[in-house]
Amino acid sequence: KDWHGRPDQGAGEEWMTRDKTGDRLLMYYVDHSRIDGRGVQICLAQASVRSGPPLPGAWTKYRGGEFSEPGLGGFDDPVMSAIDKGADATFPHVTWLPALNRYLMVFNVNVWREYTDNPEAPAPHVSGIYFAVSDDGIDWSEPVQAITALSIVFPHQPVAWHPTLILDDDGLEGWLVYSYTPR
């Protein structure tokens, strides 16, 4: 990595789940490379679990409509982006909902222009926790905002981040659990 570059580089904030068939592990992660001006976005890698736990070299990244790039050092395409909002997409948590036959992603959208020390500035209105659904875990619906707050700690501002969805046994109800501070 670039020792003189940004403090957040590479891949992080990962979340792993089995796919709907149970044959693969899906690893959603946040790419901080900012290549091609795409900002910080959520990407996806997969590995088969048919023959046991996957070793590091067994992972492939999603790129160009398929899992074609090596997990170690390969390139990727975002599966969830907030670039249209002038923002980053971070902290993904993906759950398979058998009752709805869909994946549900909860994640943060972080708009840096909403950070300010000015007490007269308007409160954040785009940053916060969002939901989206998908049939395949790759193509997602338009995200819907659930909670409005900054997504990265900033002095004297409300922060809501690291969302997780915990479902009841029936998979139709549950809790959205997240970290929050009013200051």
# chains A, B, ... in the order shown; residues from 1 in each chain; ligands from 1
>>> residues_around(residues="range 126-133 of chain A", least_positions_apart="2", cutoff="8 Å", atoms="only C-alpha atoms", output="PDB file with all heavy atoms, in the first residue's frame")
ATOM      1  N   LYS A  85     -24.840   9.415  -4.932  1.00  0.00           N
ATOM      2  CA  LYS A  85     -25.159  10.325  -3.833  1.00  0.00           C
ATOM      3  C   LYS A  85     -23.930  11.145  -3.421  1.00  0.00           C
ATOM      4  O   LYS A  85     -23.976  11.870  -2.443  1.00  0.00           O
ATOM      5  CB  LYS A  85     -25.666   9.523  -2.628  1.00  0.00           C
ATOM      6  CG  LYS A  85     -26.964   8.779  -2.873  1.00  0.00           C
ATOM      7  CD  LYS A  85     -27.277   7.891  -1.678  1.00  0.00           C
ATOM      8  CE  LYS A  85     -28.559   7.135  -1.751  1.00  0.00           C
ATOM      9  NZ  LYS A  85     -29.178   6.880  -3.011  1.00  0.00           N
ATOM     10  N   ARG A 102     -35.144 -13.868  -0.973  1.00  0.00           N
ATOM     11  CA  ARG A 102     -34.306 -12.726  -1.353  1.00  0.00           C
ATOM     12  C   ARG A 102     -33.198 -12.528  -0.310  1.00  0.00           C
ATOM     13  O   ARG A 102     -33.340 -12.912   0.837  1.00  0.00           O
ATOM     14  CB  ARG A 102     -35.130 -11.447  -1.427  1.00  0.00           C
ATOM     15  CG  ARG A 102     -36.035 -11.400  -2.617  1.00  0.00           C
ATOM     16  CD  ARG A 102     -36.510  -9.996  -2.898  1.00  0.00           C
ATOM     17  NE  ARG A 102     -37.162  -9.871  -4.161  1.00  0.00           N
ATOM     18  CZ  ARG A 102     -38.299 -10.456  -4.504  1.00  0.00           C
ATOM     19  NH1 ARG A 102     -38.914 -11.251  -3.673  1.00  0.00           N
ATOM     20  NH2 ARG A 102     -38.814 -10.264  -5.704  1.00  0.00           N
ATOM     21  N   TYR A 103     -32.152 -11.861  -0.768  1.00  0.00           N
ATOM     22  CA  TYR A 103     -31.113 -11.379   0.140  1.00  0.00           C
ATOM     23  C   TYR A 103     -31.509  -9.979   0.585  1.00  0.00           C
ATOM     24  O   TYR A 103     -32.121  -9.220  -0.176  1.00  0.00           O
ATOM     25  CB  TYR A 103     -29.761 -11.284  -0.570  1.00  0.00           C
ATOM     26  CG  TYR A 103     -29.169 -12.608  -0.978  1.00  0.00           C
ATOM     27  CD1 TYR A 103     -29.405 -13.133  -2.237  1.00  0.00           C
ATOM     28  CD2 TYR A 103     -28.365 -13.316  -0.102  1.00  0.00           C
ATOM     29  CE1 TYR A 103     -28.852 -14.339  -2.626  1.00  0.00           C
ATOM     30  CE2 TYR A 103     -27.811 -14.526  -0.482  1.00  0.00           C
ATOM     31  CZ  TYR A 103     -28.054 -15.032  -1.740  1.00  0.00           C
ATOM     32  OH  TYR A 103     -27.510 -16.235  -2.116  1.00  0.00           O
ATOM     33  N   LEU A 104     -31.123  -9.630   1.798  1.00  0.00           N
ATOM     34  CA  LEU A 104     -31.326  -8.281   2.306  1.00  0.00           C
ATOM     35  C   LEU A 104     -29.973  -7.758   2.772  1.00  0.00           C
ATOM     36  O   LEU A 104     -29.265  -8.443   3.525  1.00  0.00           O
ATOM     37  CB  LEU A 104     -32.308  -8.273   3.479  1.00  0.00           C
ATOM     38  CG  LEU A 104     -32.499  -6.908   4.136  1.00  0.00           C
ATOM     39  CD1 LEU A 104     -33.456  -6.064   3.309  1.00  0.00           C
ATOM     40  CD2 LEU A 104     -33.019  -7.059   5.538  1.00  0.00           C
ATOM     41  N   MET A 105     -29.616  -6.579   2.301  1.00  0.00           N
ATOM     42  CA  MET A 105     -28.377  -5.930   2.729  1.00  0.00           C
ATOM     43  C   MET A 105     -28.730  -4.698   3.550  1.00  0.00           C
ATOM     44  O   MET A 105     -29.562  -3.889   3.138  1.00  0.00           O
ATOM     45  CB  MET A 105     -27.526  -5.501   1.535  1.00  0.00           C
ATOM     46  CG  MET A 105     -26.224  -4.794   1.955  1.00  0.00           C
ATOM     47  SD  MET A 105     -25.277  -4.049   0.589  1.00  0.00           S
ATOM     48  CE  MET A 105     -24.751  -5.484  -0.312  1.00  0.00           C
ATOM     49  N   VAL A 106     -28.117  -4.575   4.727  1.00  0.00           N
ATOM     50  CA  VAL A 106     -28.137  -3.324   5.475  1.00  0.00           C
ATOM     51  C   VAL A 106     -26.703  -2.803   5.427  1.00  0.00           C
ATOM     52  O   VAL A 106     -25.748  -3.574   5.504  1.00  0.00           O
ATOM     53  CB  VAL A 106     -28.651  -3.485   6.931  1.00  0.00           C
ATOM     54  CG1 VAL A 106     -30.106  -3.831   6.951  1.00  0.00           C
ATOM     55  CG2 VAL A 106     -27.852  -4.502   7.707  1.00  0.00           C
ATOM     56  N   PHE A 107     -26.555  -1.500   5.269  1.00  0.00           N
ATOM     57  CA  PHE A 107     -25.227  -0.920   5.113  1.00  0.00           C
ATOM     58  C   PHE A 107     -25.303   0.576   5.388  1.00  0.00           C
ATOM     59  O   PHE A 107     -26.384   1.136   5.535  1.00  0.00           O
ATOM     60  CB  PHE A 107     -24.680  -1.189   3.700  1.00  0.00           C
ATOM     61  CG  PHE A 107     -25.477  -0.543   2.609  1.00  0.00           C
ATOM     62  CD1 PHE A 107     -25.047   0.633   2.022  1.00  0.00           C
ATOM     63  CD2 PHE A 107     -26.660  -1.109   2.155  1.00  0.00           C
ATOM     64  CE1 PHE A 107     -25.786   1.229   1.012  1.00  0.00           C
ATOM     65  CE2 PHE A 107     -27.398  -0.530   1.144  1.00  0.00           C
ATOM     66  CZ  PHE A 107     -26.956   0.650   0.583  1.00  0.00           C
ATOM     67  N   ASN A 108     -24.149   1.194   5.455  1.00  0.00           N
ATOM     68  CA  ASN A 108     -24.081   2.639   5.662  1.00  0.00           C
ATOM     69  C   ASN A 108     -23.787   3.372   4.368  1.00  0.00           C
ATOM     70  O   ASN A 108     -23.067   2.876   3.510  1.00  0.00           O
ATOM     71  CB  ASN A 108     -22.989   3.004   6.665  1.00  0.00           C
ATOM     72  CG  ASN A 108     -23.419   2.839   8.086  1.00  0.00           C
ATOM     73  OD1 ASN A 108     -23.121   1.822   8.698  1.00  0.00           O
ATOM     74  ND2 ASN A 108     -24.119   3.818   8.614  1.00  0.00           N
ATOM     75  N   VAL A 109     -24.341   4.567   4.266  1.00  0.00           N
ATOM     76  CA  VAL A 109     -23.975   5.539   3.240  1.00  0.00           C
ATOM     77  C   VAL A 109     -23.360   6.711   3.984  1.00  0.00           C
ATOM     78  O   VAL A 109     -23.927   7.208   4.969  1.00  0.00           O
ATOM     79  CB  VAL A 109     -25.205   5.979   2.406  1.00  0.00           C
ATOM     80  CG1 VAL A 109     -24.877   7.193   1.561  1.00  0.00           C
ATOM     81  CG2 VAL A 109     -25.682   4.821   1.537  1.00  0.00           C
ATOM     82  N   ASN A 110     -22.192   7.126   3.518  1.00  0.00           N
ATOM     83  CA  ASN A 110     -21.432   8.153   4.201  1.00  0.00           C
ATOM     84  C   ASN A 110     -21.124   9.296   3.241  1.00  0.00           C
ATOM     85  O   ASN A 110     -20.372   9.123   2.295  1.00  0.00           O
ATOM     86  CB  ASN A 110     -20.130   7.534   4.732  1.00  0.00           C
ATOM     87  CG  ASN A 110     -19.385   8.471   5.620  1.00  0.00           C
ATOM     88  OD1 ASN A 110     -19.966   9.083   6.500  1.00  0.00           O
ATOM     89  ND2 ASN A 110     -18.099   8.593   5.410  1.00  0.00           N
ATOM     90  N   VAL A 111     -21.730  10.464   3.485  1.00  0.00           N
ATOM     91  CA  VAL A 111     -21.548  11.638   2.631  1.00  0.00           C
ATOM     92  C   VAL A 111     -20.606  12.605   3.344  1.00  0.00           C
ATOM     93  O   VAL A 111     -20.989  13.252   4.322  1.00  0.00           O
ATOM     94  CB  VAL A 111     -22.901  12.334   2.341  1.00  0.00           C
ATOM     95  CG1 VAL A 111     -22.698  13.541   1.433  1.00  0.00           C
ATOM     96  CG2 VAL A 111     -23.886  11.353   1.734  1.00  0.00           C
ATOM     97  N   GLU A 114     -21.380  16.282   4.353  1.00  0.00           N
ATOM     98  CA  GLU A 114     -22.291  16.535   5.474  1.00  0.00           C
ATOM     99  C   GLU A 114     -21.545  16.686   6.808  1.00  0.00           C
ATOM    100  O   GLU A 114     -22.160  16.968   7.826  1.00  0.00           O
ATOM    101  CB  GLU A 114     -23.331  15.418   5.582  1.00  0.00           C
ATOM    102  CG  GLU A 114     -24.280  15.409   4.413  1.00  0.00           C
ATOM    103  CD  GLU A 114     -25.382  14.379   4.520  1.00  0.00           C
ATOM    104  OE1 GLU A 114     -25.200  13.343   5.197  1.00  0.00           O
ATOM    105  OE2 GLU A 114     -26.449  14.612   3.926  1.00  0.00           O
ATOM    106  N   PRO A 124     -27.251  16.249   8.827  1.00  0.00           N
ATOM    107  CA  PRO A 124     -27.128  15.297   7.722  1.00  0.00           C
ATOM    108  C   PRO A 124     -28.505  14.826   7.268  1.00  0.00           C
ATOM    109  O   PRO A 124     -29.416  14.673   8.077  1.00  0.00           O
ATOM    110  CB  PRO A 124     -26.346  14.137   8.341  1.00  0.00           C
ATOM    111  CG  PRO A 124     -25.684  14.701   9.543  1.00  0.00           C
ATOM    112  CD  PRO A 124     -26.548  15.819  10.017  1.00  0.00           C
ATOM    113  N   ASP A 135     -32.268 -10.688  -5.590  1.00  0.00           N
ATOM    114  CA  ASP A 135     -32.588 -12.085  -5.851  1.00  0.00           C
ATOM    115  C   ASP A 135     -31.346 -12.965  -5.870  1.00  0.00           C
ATOM    116  O   ASP A 135     -31.410 -14.144  -5.525  1.00  0.00           O
ATOM    117  CB  ASP A 135     -33.299 -12.229  -7.207  1.00  0.00           C
ATOM    118  CG  ASP A 135     -34.666 -11.578  -7.215  1.00  0.00           C
ATOM    119  OD1 ASP A 135     -35.320 -11.525  -6.151  1.00  0.00           O
ATOM    120  OD2 ASP A 135     -35.085 -11.115  -8.287  1.00  0.00           O
ATOM    121  N   TRP A 140     -28.746  -5.363  -6.857  1.00  0.00           N
ATOM    122  CA  TRP A 140     -29.521  -4.899  -5.713  1.00  0.00           C
ATOM    123  C   TRP A 140     -30.552  -3.851  -6.118  1.00  0.00           C
ATOM    124  O   TRP A 140     -30.343  -3.090  -7.057  1.00  0.00           O
ATOM    125  CB  TRP A 140     -28.578  -4.325  -4.653  1.00  0.00           C
ATOM    126  CG  TRP A 140     -27.711  -5.396  -4.081  1.00  0.00           C
ATOM    127  CD1 TRP A 140     -26.496  -5.810  -4.560  1.00  0.00           C
ATOM    128  CD2 TRP A 140     -28.010  -6.241  -2.984  1.00  0.00           C
ATOM    129  NE1 TRP A 140     -26.029  -6.842  -3.800  1.00  0.00           N
ATOM    130  CE2 TRP A 140     -26.933  -7.131  -2.822  1.00  0.00           C
ATOM    131  CE3 TRP A 140     -29.086  -6.319  -2.099  1.00  0.00           C
ATOM    132  CZ2 TRP A 140     -26.890  -8.098  -1.821  1.00  0.00           C
ATOM    133  CZ3 TRP A 140     -29.055  -7.279  -1.093  1.00  0.00           C
ATOM    134  CH2 TRP A 140     -27.972  -8.148  -0.970  1.00  0.00           C
ATOM    135  N   SER A 141     -31.634  -3.803  -5.363  1.00  0.00           N
ATOM    136  CA  SER A 141     -32.661  -2.787  -5.567  1.00  0.00           C
ATOM    137  C   SER A 141     -32.115  -1.411  -5.195  1.00  0.00           C
ATOM    138  O   SER A 141     -31.043  -1.294  -4.589  1.00  0.00           O
ATOM    139  CB  SER A 141     -33.884  -3.097  -4.694  1.00  0.00           C
ATOM    140  OG  SER A 141     -33.539  -2.950  -3.310  1.00  0.00           O
ATOM    141  N   GLU A 142     -32.871  -0.395  -5.537  1.00  0.00           N
ATOM    142  CA  GLU A 142     -32.522   0.963  -5.114  1.00  0.00           C
ATOM    143  C   GLU A 142     -32.541   0.998  -3.582  1.00  0.00           C
ATOM    144  O   GLU A 142     -33.527   0.610  -2.954  1.00  0.00           O
ATOM    145  CB  GLU A 142     -33.533   1.959  -5.674  1.00  0.00           C
ATOM    146  CG  GLU A 142     -33.228   3.396  -5.339  1.00  0.00           C
ATOM    147  CD  GLU A 142     -31.965   3.913  -5.994  1.00  0.00           C
ATOM    148  OE1 GLU A 142     -31.579   3.418  -7.067  1.00  0.00           O
ATOM    149  OE2 GLU A 142     -31.357   4.825  -5.404  1.00  0.00           O
ATOM    150  N   PRO A 143     -31.460   1.448  -2.943  1.00  0.00           N
ATOM    151  CA  PRO A 143     -31.422   1.486  -1.478  1.00  0.00           C
ATOM    152  C   PRO A 143     -32.471   2.435  -0.885  1.00  0.00           C
ATOM    153  O   PRO A 143     -32.786   3.468  -1.465  1.00  0.00           O
ATOM    154  CB  PRO A 143     -30.014   1.986  -1.160  1.00  0.00           C
ATOM    155  CG  PRO A 143     -29.217   1.687  -2.382  1.00  0.00           C
ATOM    156  CD  PRO A 143     -30.181   1.826  -3.531  1.00  0.00           C
ATOM    157  N   VAL A 144     -32.968   2.055   0.292  1.00  0.00           N
ATOM    158  CA  VAL A 144     -33.952   2.848   1.032  1.00  0.00           C
ATOM    159  C   VAL A 144     -33.333   3.222   2.372  1.00  0.00           C
ATOM    160  O   VAL A 144     -32.824   2.358   3.094  1.00  0.00           O
ATOM    161  CB  VAL A 144     -35.254   2.043   1.242  1.00  0.00           C
ATOM    162  CG1 VAL A 144     -36.224   2.818   2.117  1.00  0.00           C
ATOM    163  CG2 VAL A 144     -35.877   1.679  -0.089  1.00  0.00           C
ATOM    164  N   GLN A 145     -33.394   4.498   2.719  1.00  0.00           N
ATOM    165  CA  GLN A 145     -32.819   4.969   3.977  1.00  0.00           C
ATOM    166  C   GLN A 145     -33.725   4.597   5.145  1.00  0.00           C
ATOM    167  O   GLN A 145     -34.930   4.835   5.107  1.00  0.00           O
ATOM    168  CB  GLN A 145     -32.606   6.474   3.926  1.00  0.00           C
ATOM    169  CG  GLN A 145     -31.810   7.005   5.097  1.00  0.00           C
ATOM    170  CD  GLN A 145     -31.496   8.485   4.942  1.00  0.00           C
ATOM    171  OE1 GLN A 145     -32.274   9.238   4.371  1.00  0.00           O
ATOM    172  NE2 GLN A 145     -30.341   8.891   5.445  1.00  0.00           N
ATOM    173  N   ALA A 146     -33.129   4.032   6.196  1.00  0.00           N
ATOM    174  CA  ALA A 146     -33.864   3.662   7.405  1.00  0.00           C
ATOM    175  C   ALA A 146     -33.549   4.606   8.561  1.00  0.00           C
ATOM    176  O   ALA A 146     -34.429   4.918   9.363  1.00  0.00           O
ATOM    177  CB  ALA A 146     -33.529   2.231   7.817  1.00  0.00           C
ATOM    178  N   ILE A 147     -32.308   5.038   8.657  1.00  0.00           N
ATOM    179  CA  ILE A 147     -31.860   5.891   9.760  1.00  0.00           C
ATOM    180  C   ILE A 147     -30.975   6.988   9.175  1.00  0.00           C
ATOM    181  O   ILE A 147     -30.113   6.718   8.339  1.00  0.00           O
ATOM    182  CB  ILE A 147     -31.079   5.076  10.817  1.00  0.00           C
ATOM    183  CG1 ILE A 147     -32.030   4.072  11.465  1.00  0.00           C
ATOM    184  CG2 ILE A 147     -30.427   5.976  11.849  1.00  0.00           C
ATOM    185  CD1 ILE A 147     -31.364   3.074  12.346  1.00  0.00           C
ATOM    186  N   THR A 148     -31.176   8.212   9.616  1.00  0.00           N
ATOM    187  CA  THR A 148     -30.374   9.335   9.151  1.00  0.00           C
ATOM    188  C   THR A 148     -29.403   9.732  10.257  1.00  0.00           C
ATOM    189  O   THR A 148     -29.818  10.078  11.363  1.00  0.00           O
ATOM    190  CB  THR A 148     -31.273  10.537   8.798  1.00  0.00           C
ATOM    191  OG1 THR A 148     -32.226  10.118   7.823  1.00  0.00           O
ATOM    192  CG2 THR A 148     -30.458  11.691   8.257  1.00  0.00           C
ATOM    193  N   ALA A 149     -28.126   9.646   9.958  1.00  0.00           N
ATOM    194  CA  ALA A 149     -27.060  10.050  10.886  1.00  0.00           C
ATOM    195  C   ALA A 149     -25.745   9.910  10.136  1.00  0.00           C
ATOM    196  O   ALA A 149     -25.681   9.216   9.116  1.00  0.00           O
ATOM    197  CB  ALA A 149     -27.039   9.173  12.134  1.00  0.00           C
ATOM    198  N   LEU A 150     -24.699  10.558  10.620  1.00  0.00           N
ATOM    199  CA  LEU A 150     -23.383  10.348  10.038  1.00  0.00           C
ATOM    200  C   LEU A 150     -23.009   8.877  10.202  1.00  0.00           C
ATOM    201  O   LEU A 150     -23.518   8.187  11.090  1.00  0.00           O
ATOM    202  CB  LEU A 150     -22.348  11.250  10.703  1.00  0.00           C
ATOM    203  CG  LEU A 150     -22.539  12.754  10.493  1.00  0.00           C
ATOM    204  CD1 LEU A 150     -21.458  13.538  11.225  1.00  0.00           C
ATOM    205  CD2 LEU A 150     -22.554  13.106   9.018  1.00  0.00           C
ATOM    206  N   SER A 151     -22.076   8.427   9.365  1.00  0.00           N
ATOM    207  CA  SER A 151     -21.691   7.015   9.376  1.00  0.00           C
ATOM    208  C   SER A 151     -20.269   6.784   9.858  1.00  0.00           C
ATOM    209  O   SER A 151     -19.821   5.654   9.927  1.00  0.00           O
ATOM    210  CB  SER A 151     -21.839   6.434   7.974  1.00  0.00           C
ATOM    211  OG  SER A 151     -23.177   6.515   7.569  1.00  0.00           O
ATOM    212  N   ALA A 160     -24.541   6.697  13.487  1.00  0.00           N
ATOM    213  CA  ALA A 160     -25.152   5.364  13.478  1.00  0.00           C
ATOM    214  C   ALA A 160     -24.386   4.547  12.449  1.00  0.00           C
ATOM    215  O   ALA A 160     -24.338   4.911  11.275  1.00  0.00           O
ATOM    216  CB  ALA A 160     -26.628   5.450  13.109  1.00  0.00           C
ATOM    217  N   TRP A 161     -23.770   3.441  12.893  1.00  0.00           N
ATOM    218  CA  TRP A 161     -22.944   2.662  11.974  1.00  0.00           C
ATOM    219  C   TRP A 161     -22.913   1.194  12.343  1.00  0.00           C
ATOM    220  O   TRP A 161     -23.438   0.800  13.364  1.00  0.00           O
ATOM    221  CB  TRP A 161     -21.554   3.251  11.863  1.00  0.00           C
ATOM    222  CG  TRP A 161     -20.699   3.236  13.101  1.00  0.00           C
ATOM    223  CD1 TRP A 161     -21.068   2.964  14.381  1.00  0.00           C
ATOM    224  CD2 TRP A 161     -19.307   3.508  13.151  1.00  0.00           C
ATOM    225  NE1 TRP A 161     -20.004   3.063  15.224  1.00  0.00           N
ATOM    226  CE2 TRP A 161     -18.896   3.390  14.492  1.00  0.00           C
ATOM    227  CE3 TRP A 161     -18.358   3.839  12.211  1.00  0.00           C
ATOM    228  CZ2 TRP A 161     -17.582   3.594  14.905  1.00  0.00           C
ATOM    229  CZ3 TRP A 161     -17.049   4.041  12.638  1.00  0.00           C
ATOM    230  CH2 TRP A 161     -16.677   3.924  13.962  1.00  0.00           C
ATOM    231  N   PRO A 163     -24.472  -1.598  10.931  1.00  0.00           N
ATOM    232  CA  PRO A 163     -25.782  -2.225  11.099  1.00  0.00           C
ATOM    233  C   PRO A 163     -25.725  -3.738  10.905  1.00  0.00           C
ATOM    234  O   PRO A 163     -24.953  -4.245  10.094  1.00  0.00           O
ATOM    235  CB  PRO A 163     -26.622  -1.573  10.005  1.00  0.00           C
ATOM    236  CG  PRO A 163     -25.632  -1.264   8.930  1.00  0.00           C
ATOM    237  CD  PRO A 163     -24.368  -0.872   9.657  1.00  0.00           C
TER     238      PRO A 163
END
>>> residues_around(residues="Ser51 in chain A", least_positions_apart="3", cutoff="10 Å", atoms="only C-alpha atoms", output="list in words")
Asp23, Ser48 and Pro54 of chain A
>>> residues_around(residues="Ala99 in chain A", least_positions_apart="5", cutoff="8 Å", atoms="only C-alpha atoms", output="PyMOL selection string")
chain A and resi 170-172
>>> closest_residue(among="A:Ala87, A:Ser33, A:Trp112, A:Tyr28", to="Lys61 in chain A", atoms="only C-alpha atoms")
A:Tyr28
>>> select_by_dssp(residues="range 32-67 of chain A", states="strand (DSSP E)", output="short mmCIF file (atom, residue, chain, number, x, y, z; two decimals) with N, CA and C atoms, in the first residue's frame")
data_model
loop_
_atom_site.label_atom_id
_atom_site.label_comp_id
_atom_site.auth_asym_id
_atom_site.auth_seq_id
_atom_site.Cartn_x
_atom_site.Cartn_y
_atom_site.Cartn_z
N GLN A 41 -16.64 1.62 -1.98
CA GLN A 41 -17.87 0.91 -2.33
C GLN A 41 -17.82 -0.55 -1.89
N ILE A 42 -18.96 -1.21 -1.91
CA ILE A 42 -19.08 -2.60 -1.46
C ILE A 42 -18.88 -3.53 -2.65
N CYS A 43 -17.96 -4.49 -2.50
CA CYS A 43 -17.64 -5.47 -3.53
C CYS A 43 -17.93 -6.87 -3.00
N LEU A 44 -17.70 -7.89 -3.84
CA LEU A 44 -18.10 -9.26 -3.51
C LEU A 44 -17.07 -10.26 -4.02
N ALA A 45 -16.77 -11.25 -3.18
CA ALA A 45 -15.96 -12.41 -3.58
C ALA A 45 -16.73 -13.66 -3.17
N GLN A 46 -16.41 -14.79 -3.83
CA GLN A 46 -17.10 -16.04 -3.50
C GLN A 46 -16.10 -17.19 -3.52
N ALA A 47 -16.47 -18.25 -2.79
CA ALA A 47 -15.68 -19.48 -2.78
C ALA A 47 -16.61 -20.66 -2.52
N SER A 48 -16.32 -21.76 -3.15
CA SER A 48 -17.11 -22.97 -2.97
C SER A 48 -16.79 -23.60 -1.61
N THR A 60 -12.70 -15.99 -5.53
CA THR A 60 -12.70 -15.19 -6.76
C THR A 60 -13.57 -13.96 -6.55
N LYS A 61 -13.14 -12.85 -7.15
CA LYS A 61 -13.87 -11.58 -7.02
C LYS A 61 -14.82 -11.39 -8.20
N TYR A 62 -15.91 -10.69 -7.92
CA TYR A 62 -16.91 -10.39 -8.95
C TYR A 62 -16.41 -9.23 -9.79
N ARG A 63 -16.34 -9.48 -11.11
CA ARG A 63 -15.91 -8.42 -12.04
C ARG A 63 -16.46 -8.74 -13.43
N GLU A 66 -19.15 -11.63 -13.75
CA GLU A 66 -18.85 -12.99 -13.32
C GLU A 66 -17.77 -12.99 -12.24
N PHE A 67 -17.59 -14.11 -11.60
CA PHE A 67 -16.54 -14.25 -10.60
C PHE A 67 -15.28 -14.71 -11.33
#
>>> atom_distance(atom1="CA of Ile166 in chain A", atom2="CA of Asp139 in chain A")
22.3 Å
>>> atom_distance(atom1="CA of Ser81 in chain A", atom2="CA of Glu13 in chain A")
14.8 Å
>>> residues_around(residues="Asp19 in chain A", least_positions_apart="2", cutoff="10 Å", atoms="only C-alpha atoms", output="ChimeraX atom specification")
/A:16-17,21-27,46,48,95-96,103,136-137
>>> select_by_dssp(residues="chain A", states="helix (DSSP H, G or I)", output="list in words")
Ile35, Asp36, Gly37, Pro56, Gly57, Ala58, Ile83, Asp84, Lys85, Trp112, Arg113 and Glu114 of chain A
>>> residues_around(residues="Gly12 in chain A", least_positions_apart="4", cutoff="7 Å", atoms="only C-alpha atoms", output="ChimeraX atom specification")
/A:29-31
>>> atom_distance(atom1="CA of Val49 in chain A", atom2="CA of Asp169 in chain A")
24.6 Å
>>> closest_residue(among="A:Pro182, A:Gln157, A:Phe75, A:Gly57", to="Pro119 in chain A", atoms="only C-alpha atoms")
A:Gln157
>>> closest_residue(among="A:Gly64, A:Pro53, A:Leu176, A:Glu14", to="Pro92 in chain A", atoms="only C-alpha atoms")
A:Glu14
>>> closest_residue(among="A:Val40, A:Ala121, A:Ile35, A:Ala58", to="Ala82 in chain A", atoms="only C-alpha atoms")
A:Val40
>>> decode(residues="range 118-122 of chain A", atoms="all heavy atoms", output="compact mmCIF listing (two decimals), in the first residue's frame")
# COMPACT_ATOMS: atom_id res chain seq x y z
N ASN A 118 -19.48 23.53 11.81
CA ASN A 118 -20.35 24.70 11.85
C ASN A 118 -21.69 24.33 12.51
O ASN A 118 -22.47 23.56 11.94
CB ASN A 118 -20.57 25.21 10.43
CG ASN A 118 -21.48 26.41 10.38
OD1 ASN A 118 -22.03 26.86 11.38
ND2 ASN A 118 -21.64 26.94 9.18
N PRO A 119 -22.00 24.91 13.68
CA PRO A 119 -23.26 24.58 14.35
C PRO A 119 -24.49 25.09 13.59
O PRO A 119 -25.60 24.64 13.83
CB PRO A 119 -23.14 25.25 15.72
CG PRO A 119 -22.08 26.27 15.58
CD PRO A 119 -21.18 25.82 14.45
N GLU A 120 -24.29 26.00 12.64
CA GLU A 120 -25.39 26.54 11.84
C GLU A 120 -25.69 25.68 10.59
O GLU A 120 -26.68 25.89 9.91
CB GLU A 120 -25.07 27.96 11.39
CG GLU A 120 -24.74 28.92 12.52
CD GLU A 120 -25.92 29.12 13.46
OE1 GLU A 120 -27.06 29.23 12.98
OE2 GLU A 120 -25.69 29.15 14.68
N ALA A 121 -24.81 24.72 10.31
CA ALA A 121 -24.99 23.90 9.11
C ALA A 121 -26.19 22.97 9.29
O ALA A 121 -26.53 22.58 10.41
CB ALA A 121 -23.73 23.08 8.86
N PRO A 122 -26.85 22.63 8.18
CA PRO A 122 -27.99 21.71 8.29
C PRO A 122 -27.55 20.32 8.76
O PRO A 122 -26.40 19.92 8.53
CB PRO A 122 -28.54 21.66 6.87
CG PRO A 122 -27.47 22.18 5.99
CD PRO A 122 -26.59 23.05 6.82
